[in-house]
Amino acid sequence: MKVSKISAPKIYLGDDNVLRNHVITYNDEGRILTIEPLESHDLSSVRMLDGYITPGFINTHCHLELSHMKSVADTGTGLIDFLLQVVSKREVNQDYVEQCIDEQDKYMWNAGIMGVGDISNKSDTAKTKSESKIQYYTFVEMFDLWNTSFTENTIKQYVEVLKAFNLKSGDKINLVPHAPYSVTPKLMRYISENTSIEDVISIHNQETPHENAFFVDGNGAFPHFYHQLNLSLQDFIPTGKPSINFALDNFRKNARFLFIHNTMSLASDVQFAINNLSEKPFWATCPNANLYIENTLPNYRELLDAGATMTIGTDSLTSNWQLSIAEEIKTILKYCSYLSFDEVIVWACKNGAEALGFDKELGMIELGKMPGLVHWQFNENEETIHASSVKRII
Ligand SMILES: [Zn+2]
């Protein structure tokens with residue numbers, strides 16, 4: 001079996017460790033064989049790169065099935081108008097849908113992504129995922145739009161979607177709720193009872209100020225959203241508490257939650273989740289999508305200080321310009337320069353892999369693992385992350 005050797009001035013291992021002047025050797029499967037100091041190698045046999053080497057990335061939040069909807073929704077409208085645009089423009093030719101799914105799966109691979117947590121409302125992505133080099137965790141996402149008369153049919157519909165996926169080795173799948181503002185307690189409890197302690201429960205969380213307003217006193221723009229869809233809210237009763245409490249109050253305490261967006265989450269929300277769950281929750285940020293839809297970003301400092309374990313997602317091409325975790329990292333560091341590359345790369349690698357349970361092989365450059373390797377190259381005289389080009393090595 002062929003063995004390759006590679007080195008760069010800085011090698012980020014995926015957790016908070018960084019090595020200088022080291023050589024990684026790997027076989028042609030991409031499995032890491034050794035990580036050793038430069039001086040123990042004959043330099044003529046080592047491929048010397050400039051810049052950084054990092055592990056491949058984990059994208060913890062994507063909707064691959066919406067890949068045909070690039071540029072369909074306007075930027076900066078806020079979540080409610082965004083959702084109404086998506087609902088009204090979702091249907092198109094099936095061949096085109098599948099072609100876009102395939103293209104974006106390959107795009108993500110070339111952009112250095114090794115694992116993806118992917119929301120599916122349909123089974124359109126099943127074929128691409130079964131043949132992909134990427135490891136997928138499919139979240140079959142359910143919503144009954146706060147109408148208990150829809151709950152039974154919703155369950156039937158999504159159990160069929162779940163059955164339509166033939167998983168390749170290592171891939172995972174389970175049911176998840178969409179968001180507190182779109183799921184009845186009855187459906188939330190069904191999902192709680194029909195998933196196990198091993199399953200990751202992804203849920204969109206506190207993406208807009210209207211979500212908390214809806215739960216606290218029934219105000220904000222969600223009543224208008226339901227009115228626009230000609231749906232009654234007769235089953236909805238405000239709880240007087242933030243939306244995250246609704247999800248946790250109707251779910252098993254031993255669930256492994258992955259909270260998505262958290263744009264409006266406060267320290268008290270993070271602490272409430274940590275204190276009320278026996279398993280550590282993970283928090284996915286999708287900064288480009290937050291800028292696309294709401295023109296805002298989460299307060300990362302507040303989330304981190306409250307103990308949040310962060311991961312990074314791209315969301316879908318409906319609300320992003322590309323599906324690239326490197327671009328999400330660049331955005332975070334551009335708008336929140338109080339954070340460092342050393343800090344954020346951990347979100348994209350080790351934390352993401354742990355959040356999806358893919359950490360046996362992915363997320364860390366470690367002996368015996370196959371994390372993929374990514375090269376961050378900088379333009380001469382311009383050593384900034386924003387100007388770097390990012391390429392997959394293996
Ligand atoms: Zn999403």
# chains A, B, ... in the order shown; residues from 1 in each chain; ligands from 1
>>> select_by_dssp(residues="segment 127-312 of chain A", states="strand (DSSP E)", output="ChimeraX atom specification")
/A:135-142,172-177,200-205,256-261,282-285,309-312
>>> residues_around(residues="segment 139-145 of chain A", least_positions_apart="3", cutoff="6 Å", atoms="only C-alpha atoms", output="list in words")
Asp118, Ile119, Ser120, Asn121, Phe150, Thr151, Ile173, Asn174, Leu175, Val176, Pro177, His178, Ser182 and Val183 of chain A
>>> write_last_selection(atoms="N, CA and C atoms", output="CSV table (one decimal), in the first residue's frame")
chain,number,residue,atom,x,y,z
A,118,ASP,N,-27.8,16.3,7.9
A,118,ASP,CA,-28.6,16.8,6.8
A,118,ASP,C,-30.1,16.6,7.1
A,119,ILE,N,-30.8,17.7,7.0
A,119,ILE,CA,-32.3,17.7,7.2
A,119,ILE,C,-33.0,17.2,5.9
A,120,SER,N,-33.9,16.2,6.1
A,120,SER,CA,-34.6,15.8,4.9
A,120,SER,C,-36.1,15.7,5.3
A,121,ASN,N,-36.9,16.4,4.4
A,121,ASN,CA,-38.4,16.3,4.5
A,121,ASN,C,-38.9,15.4,3.5
A,150,PHE,N,-53.4,17.4,12.1
A,150,PHE,CA,-52.4,17.0,11.1
A,150,PHE,C,-51.4,15.9,11.7
A,151,THR,N,-51.4,15.7,13.0
A,151,THR,CA,-50.3,15.0,13.6
A,151,THR,C,-50.2,13.5,13.0
A,173,ILE,N,-29.6,7.7,10.6
A,173,ILE,CA,-30.9,8.4,10.3
A,173,ILE,C,-31.8,8.3,11.5
A,174,ASN,N,-32.6,9.3,11.8
A,174,ASN,CA,-33.7,9.2,12.7
A,174,ASN,C,-34.6,10.4,12.5
A,175,LEU,N,-35.8,10.3,13.2
A,175,LEU,CA,-36.8,11.4,13.1
A,175,LEU,C,-36.3,12.5,14.0
A,176,VAL,N,-36.7,13.7,13.6
A,176,VAL,CA,-36.4,14.9,14.5
A,176,VAL,C,-37.6,15.9,14.3
A,177,PRO,N,-37.8,16.8,15.3
A,177,PRO,CA,-38.7,17.9,15.1
A,177,PRO,C,-38.1,19.1,14.4
A,178,HIS,N,-38.9,19.8,13.6
A,178,HIS,CA,-38.4,20.9,12.9
A,178,HIS,C,-38.0,22.1,13.8
A,182,SER,N,-43.3,25.1,15.0
A,182,SER,CA,-44.1,24.3,14.0
A,182,SER,C,-44.5,22.9,14.4
A,183,VAL,N,-44.3,22.6,15.7
A,183,VAL,CA,-44.5,21.2,16.2
A,183,VAL,C,-45.4,21.2,17.4
>>> closest_residue(among="A:Asp359, A:Ala284, A:Lys2, A:Ala8", to="Arg47 of chain A", atoms="only C-alpha atoms")
A:Ala8
>>> residues_around(residues="Asn295 of chain A", least_positions_apart="6", cutoff="9 Å", atoms="only C-alpha atoms", output="list in words")
Thr75, Gly76, Thr77, Gly78, Asn288 and Ala289 of chain A
>>> write_last_selection(atoms="N, CA and C atoms", output="short mmCIF file (atom, residue, chain, number, x, y, z; two decimals), in the first residue's frame")
data_model
loop_
_atom_site.label_atom_id
_atom_site.label_comp_id
_atom_site.auth_asym_id
_atom_site.auth_seq_id
_atom_site.Cartn_x
_atom_site.Cartn_y
_atom_site.Cartn_z
N THR A 75 -32.44 38.19 0.07
CA THR A 75 -31.68 38.34 1.32
C THR A 75 -32.31 39.44 2.19
N GLY A 76 -32.09 39.31 3.51
CA GLY A 76 -32.44 40.39 4.43
C GLY A 76 -33.92 40.60 4.70
N THR A 77 -34.77 39.59 4.42
CA THR A 77 -36.22 39.79 4.61
C THR A 77 -36.69 39.43 6.02
N GLY A 78 -35.85 38.70 6.78
CA GLY A 78 -36.31 38.14 8.06
C GLY A 78 -36.89 36.76 7.84
N ASN A 288 -23.50 32.39 7.79
CA ASN A 288 -23.88 32.98 6.50
C ASN A 288 -25.39 32.97 6.31
N ALA A 289 -26.05 31.91 6.77
CA ALA A 289 -27.52 31.86 6.67
C ALA A 289 -28.16 32.92 7.55
#
>>> closest_residue(among="A:Tyr300, A:Tyr136, A:Tyr190, A:Phe82", to="ligand 1", atoms="only C-alpha atoms and all ligand atoms")
A:Phe82
>>> residues_around(residues="Val18 of chain A", least_positions_apart="3", cutoff="12 Å", atoms="only C-alpha atoms", output="list of chain:residue names")
A:Ala8, A:Pro9, A:Lys10, A:Ile11, A:Tyr12, A:Leu13, A:Gly14, A:Asp15, A:Asn21, A:His22, A:Tyr52, A:Ile53, A:Thr54, A:Pro55, A:Phe341, A:Asp342, A:Glu343, A:Ile345, A:Val346, A:Met364, A:Ile365
>>> write_last_selection(atoms="N, CA and C atoms", output="mmCIF file, in the first residue's frame")
data_model
loop_
_atom_site.group_PDB
_atom_site.id
_atom_site.type_symbol
_atom_site.label_atom_id
_atom_site.label_comp_id
_atom_site.auth_asym_id
_atom_site.auth_seq_id
_atom_site.Cartn_x
_atom_site.Cartn_y
_atom_site.Cartn_z
ATOM 1 N N ALA A 8 3.372 21.008 6.909
ATOM 2 C CA ALA A 8 3.097 22.440 6.750
ATOM 3 C C ALA A 8 3.595 23.133 8.016
ATOM 4 N N PRO A 9 3.849 24.452 7.951
ATOM 5 C CA PRO A 9 4.342 25.140 9.150
ATOM 6 C C PRO A 9 3.445 24.938 10.369
ATOM 7 N N LYS A 10 2.118 24.875 10.144
ATOM 8 C CA LYS A 10 1.207 24.638 11.271
ATOM 9 C C LYS A 10 0.238 23.515 10.911
ATOM 10 N N ILE A 11 0.131 22.535 11.805
ATOM 11 C CA ILE A 11 -0.839 21.448 11.627
ATOM 12 C C ILE A 11 -1.822 21.506 12.793
ATOM 13 N N TYR A 12 -3.074 21.832 12.481
ATOM 14 C CA TYR A 12 -4.140 21.851 13.504
ATOM 15 C C TYR A 12 -4.709 20.442 13.603
ATOM 16 N N LEU A 13 -4.705 19.886 14.818
ATOM 17 C CA LEU A 13 -5.125 18.485 14.947
ATOM 18 C C LEU A 13 -6.649 18.319 14.984
ATOM 19 N N GLY A 14 -7.392 19.419 15.209
ATOM 20 C CA GLY A 14 -8.863 19.317 15.229
ATOM 21 C C GLY A 14 -9.435 19.634 16.595
ATOM 22 N N ASP A 15 -8.646 19.352 17.662
ATOM 23 C CA ASP A 15 -8.997 19.878 18.993
ATOM 24 C C ASP A 15 -8.171 21.153 19.152
ATOM 25 N N ASN A 21 6.346 22.034 12.560
ATOM 26 C CA ASN A 21 7.462 21.193 12.093
ATOM 27 C C ASN A 21 7.222 19.700 12.337
ATOM 28 N N HIS A 22 6.090 19.242 11.914
ATOM 29 C CA HIS A 22 5.773 17.812 11.998
ATOM 30 C C HIS A 22 5.386 17.272 10.621
ATOM 31 N N TYR A 52 -1.522 26.254 6.493
ATOM 32 C CA TYR A 52 -1.963 25.336 7.554
ATOM 33 C C TYR A 52 -2.495 24.028 6.952
ATOM 34 N N ILE A 53 -2.401 22.963 7.748
ATOM 35 C CA ILE A 53 -3.169 21.738 7.466
ATOM 36 C C ILE A 53 -4.165 21.567 8.615
ATOM 37 N N THR A 54 -5.420 21.264 8.277
ATOM 38 C CA THR A 54 -6.433 20.932 9.299
ATOM 39 C C THR A 54 -7.110 19.624 8.899
ATOM 40 N N PRO A 55 -7.845 19.008 9.829
ATOM 41 C CA PRO A 55 -8.667 17.858 9.428
ATOM 42 C C PRO A 55 -9.786 18.328 8.482
ATOM 43 N N PHE A 341 -8.919 31.763 14.925
ATOM 44 C CA PHE A 341 -8.967 30.567 14.073
ATOM 45 C C PHE A 341 -8.773 29.312 14.928
ATOM 46 N N ASP A 342 -7.826 29.389 15.883
ATOM 47 C CA ASP A 342 -7.511 28.227 16.731
ATOM 48 C C ASP A 342 -8.744 27.728 17.495
ATOM 49 N N GLU A 343 -9.625 28.681 17.837
ATOM 50 C CA GLU A 343 -10.835 28.365 18.598
ATOM 51 C C GLU A 343 -11.917 27.780 17.671
ATOM 52 N N ILE A 345 -11.733 26.498 14.601
ATOM 53 C CA ILE A 345 -11.466 25.265 13.852
ATOM 54 C C ILE A 345 -11.918 24.041 14.670
ATOM 55 N N VAL A 346 -11.900 24.170 16.004
ATOM 56 C CA VAL A 346 -12.366 23.065 16.873
ATOM 57 C C VAL A 346 -13.871 22.855 16.681
ATOM 58 N N MET A 364 -10.531 14.598 13.857
ATOM 59 C CA MET A 364 -9.213 14.783 14.470
ATOM 60 C C MET A 364 -8.132 14.119 13.619
ATOM 61 N N ILE A 365 -6.987 14.804 13.479
ATOM 62 C CA ILE A 365 -5.813 14.159 12.879
ATOM 63 C C ILE A 365 -5.169 13.349 13.997
#
>>> closest_atom_pairs(of="chain A", to="ligand 1", cutoff="7 Å", atoms="only C-alpha atoms and all ligand atoms", output="tab-separated table")
residue	atom	partner	partner_atom_place_in_ligand_line	distance
A:His61	CA	ligand 1	1 (Zn)	6.5
A:Cys62	CA	ligand 1	1 (Zn)	6.4
A:His63	CA	ligand 1	1 (Zn)	6.4
A:His204	CA	ligand 1	1 (Zn)	6.4
A:Asp315	CA	ligand 1	1 (Zn)	5.1
A:Ser316	CA	ligand 1	1 (Zn)	6.7
>>> residues_around(residues="segment 303-313 of chain A", least_positions_apart="6", cutoff="8 Å", atoms="only C-alpha atoms", output="list in words")
Ile58, Asn59, Thr60, His61, Cys62, Ser265, Leu266, Ala267, Ser268, Val270, Gln271, Pro281, Phe282, Trp283, Ala284, Thr285, Cys286, Ile325, Glu328, Trp347, Ala348, Asn351, Gly352 and Ala355 of chain A
>>> write_last_selection(atoms="N, CA and C atoms", output="short mmCIF file (atom, residue, chain, number, x, y, z; two decimals), in the first residue's frame")
data_model
loop_
_atom_site.label_atom_id
_atom_site.label_comp_id
_atom_site.auth_asym_id
_atom_site.auth_seq_id
_atom_site.Cartn_x
_atom_site.Cartn_y
_atom_site.Cartn_z
N ILE A 58 -16.75 19.03 9.52
CA ILE A 58 -18.08 18.45 9.72
C ILE A 58 -19.10 19.58 9.59
N ASN A 59 -20.04 19.40 8.68
CA ASN A 59 -21.13 20.37 8.48
C ASN A 59 -22.34 19.83 9.25
N THR A 60 -22.64 20.42 10.41
CA THR A 60 -23.67 19.81 11.26
C THR A 60 -25.09 20.23 10.88
N HIS A 61 -25.22 21.18 9.93
CA HIS A 61 -26.59 21.54 9.53
C HIS A 61 -26.68 21.93 8.07
N CYS A 62 -27.38 21.08 7.31
CA CYS A 62 -27.55 21.32 5.88
C CYS A 62 -28.95 20.84 5.49
N SER A 265 -30.42 33.17 21.15
CA SER A 265 -30.31 32.47 22.44
C SER A 265 -29.49 33.29 23.42
N LEU A 266 -29.93 33.25 24.67
CA LEU A 266 -29.24 33.93 25.76
C LEU A 266 -28.50 32.90 26.61
N ALA A 267 -27.62 33.40 27.49
CA ALA A 267 -26.91 32.51 28.41
C ALA A 267 -27.91 31.66 29.19
N SER A 268 -29.04 32.27 29.58
CA SER A 268 -30.02 31.52 30.39
C SER A 268 -30.63 30.36 29.60
N VAL A 270 -29.02 28.60 27.20
CA VAL A 270 -27.97 27.57 27.13
C VAL A 270 -27.89 26.83 28.46
N GLN A 271 -27.90 27.57 29.54
CA GLN A 271 -27.79 26.94 30.86
C GLN A 271 -29.01 26.08 31.16
N PRO A 281 -25.64 18.85 25.30
CA PRO A 281 -26.16 19.33 24.02
C PRO A 281 -25.07 20.02 23.20
N PHE A 282 -25.26 20.03 21.88
CA PHE A 282 -24.35 20.76 20.98
C PHE A 282 -25.13 21.89 20.33
N TRP A 283 -24.41 22.93 19.89
CA TRP A 283 -25.03 24.14 19.36
C TRP A 283 -24.43 24.43 18.00
N ALA A 284 -25.24 24.40 16.96
CA ALA A 284 -24.74 24.64 15.61
C ALA A 284 -24.99 26.09 15.21
N THR A 285 -23.95 26.73 14.71
CA THR A 285 -24.15 28.07 14.17
C THR A 285 -24.03 28.03 12.65
N CYS A 286 -24.89 28.80 11.97
CA CYS A 286 -24.88 28.88 10.51
C CYS A 286 -24.78 30.37 10.14
N ILE A 325 -17.84 24.96 4.79
CA ILE A 325 -17.54 25.27 6.19
C ILE A 325 -16.38 26.27 6.29
N GLU A 328 -17.83 29.58 6.18
CA GLU A 328 -18.50 29.92 7.45
C GLU A 328 -17.45 30.38 8.47
N TRP A 347 -14.61 23.95 16.50
CA TRP A 347 -16.06 23.84 16.27
C TRP A 347 -16.31 23.02 14.99
N ALA A 348 -15.48 23.31 13.97
CA ALA A 348 -15.71 22.71 12.64
C ALA A 348 -15.24 21.27 12.56
N ASN A 351 -15.64 19.12 17.54
CA ASN A 351 -16.99 19.27 18.10
C ASN A 351 -18.06 18.75 17.14
N GLY A 352 -17.90 19.08 15.86
CA GLY A 352 -18.89 18.63 14.86
C GLY A 352 -18.97 17.11 14.80
N ALA A 355 -20.70 15.81 17.85
CA ALA A 355 -22.13 16.12 17.82
C ALA A 355 -22.90 15.08 17.01
#
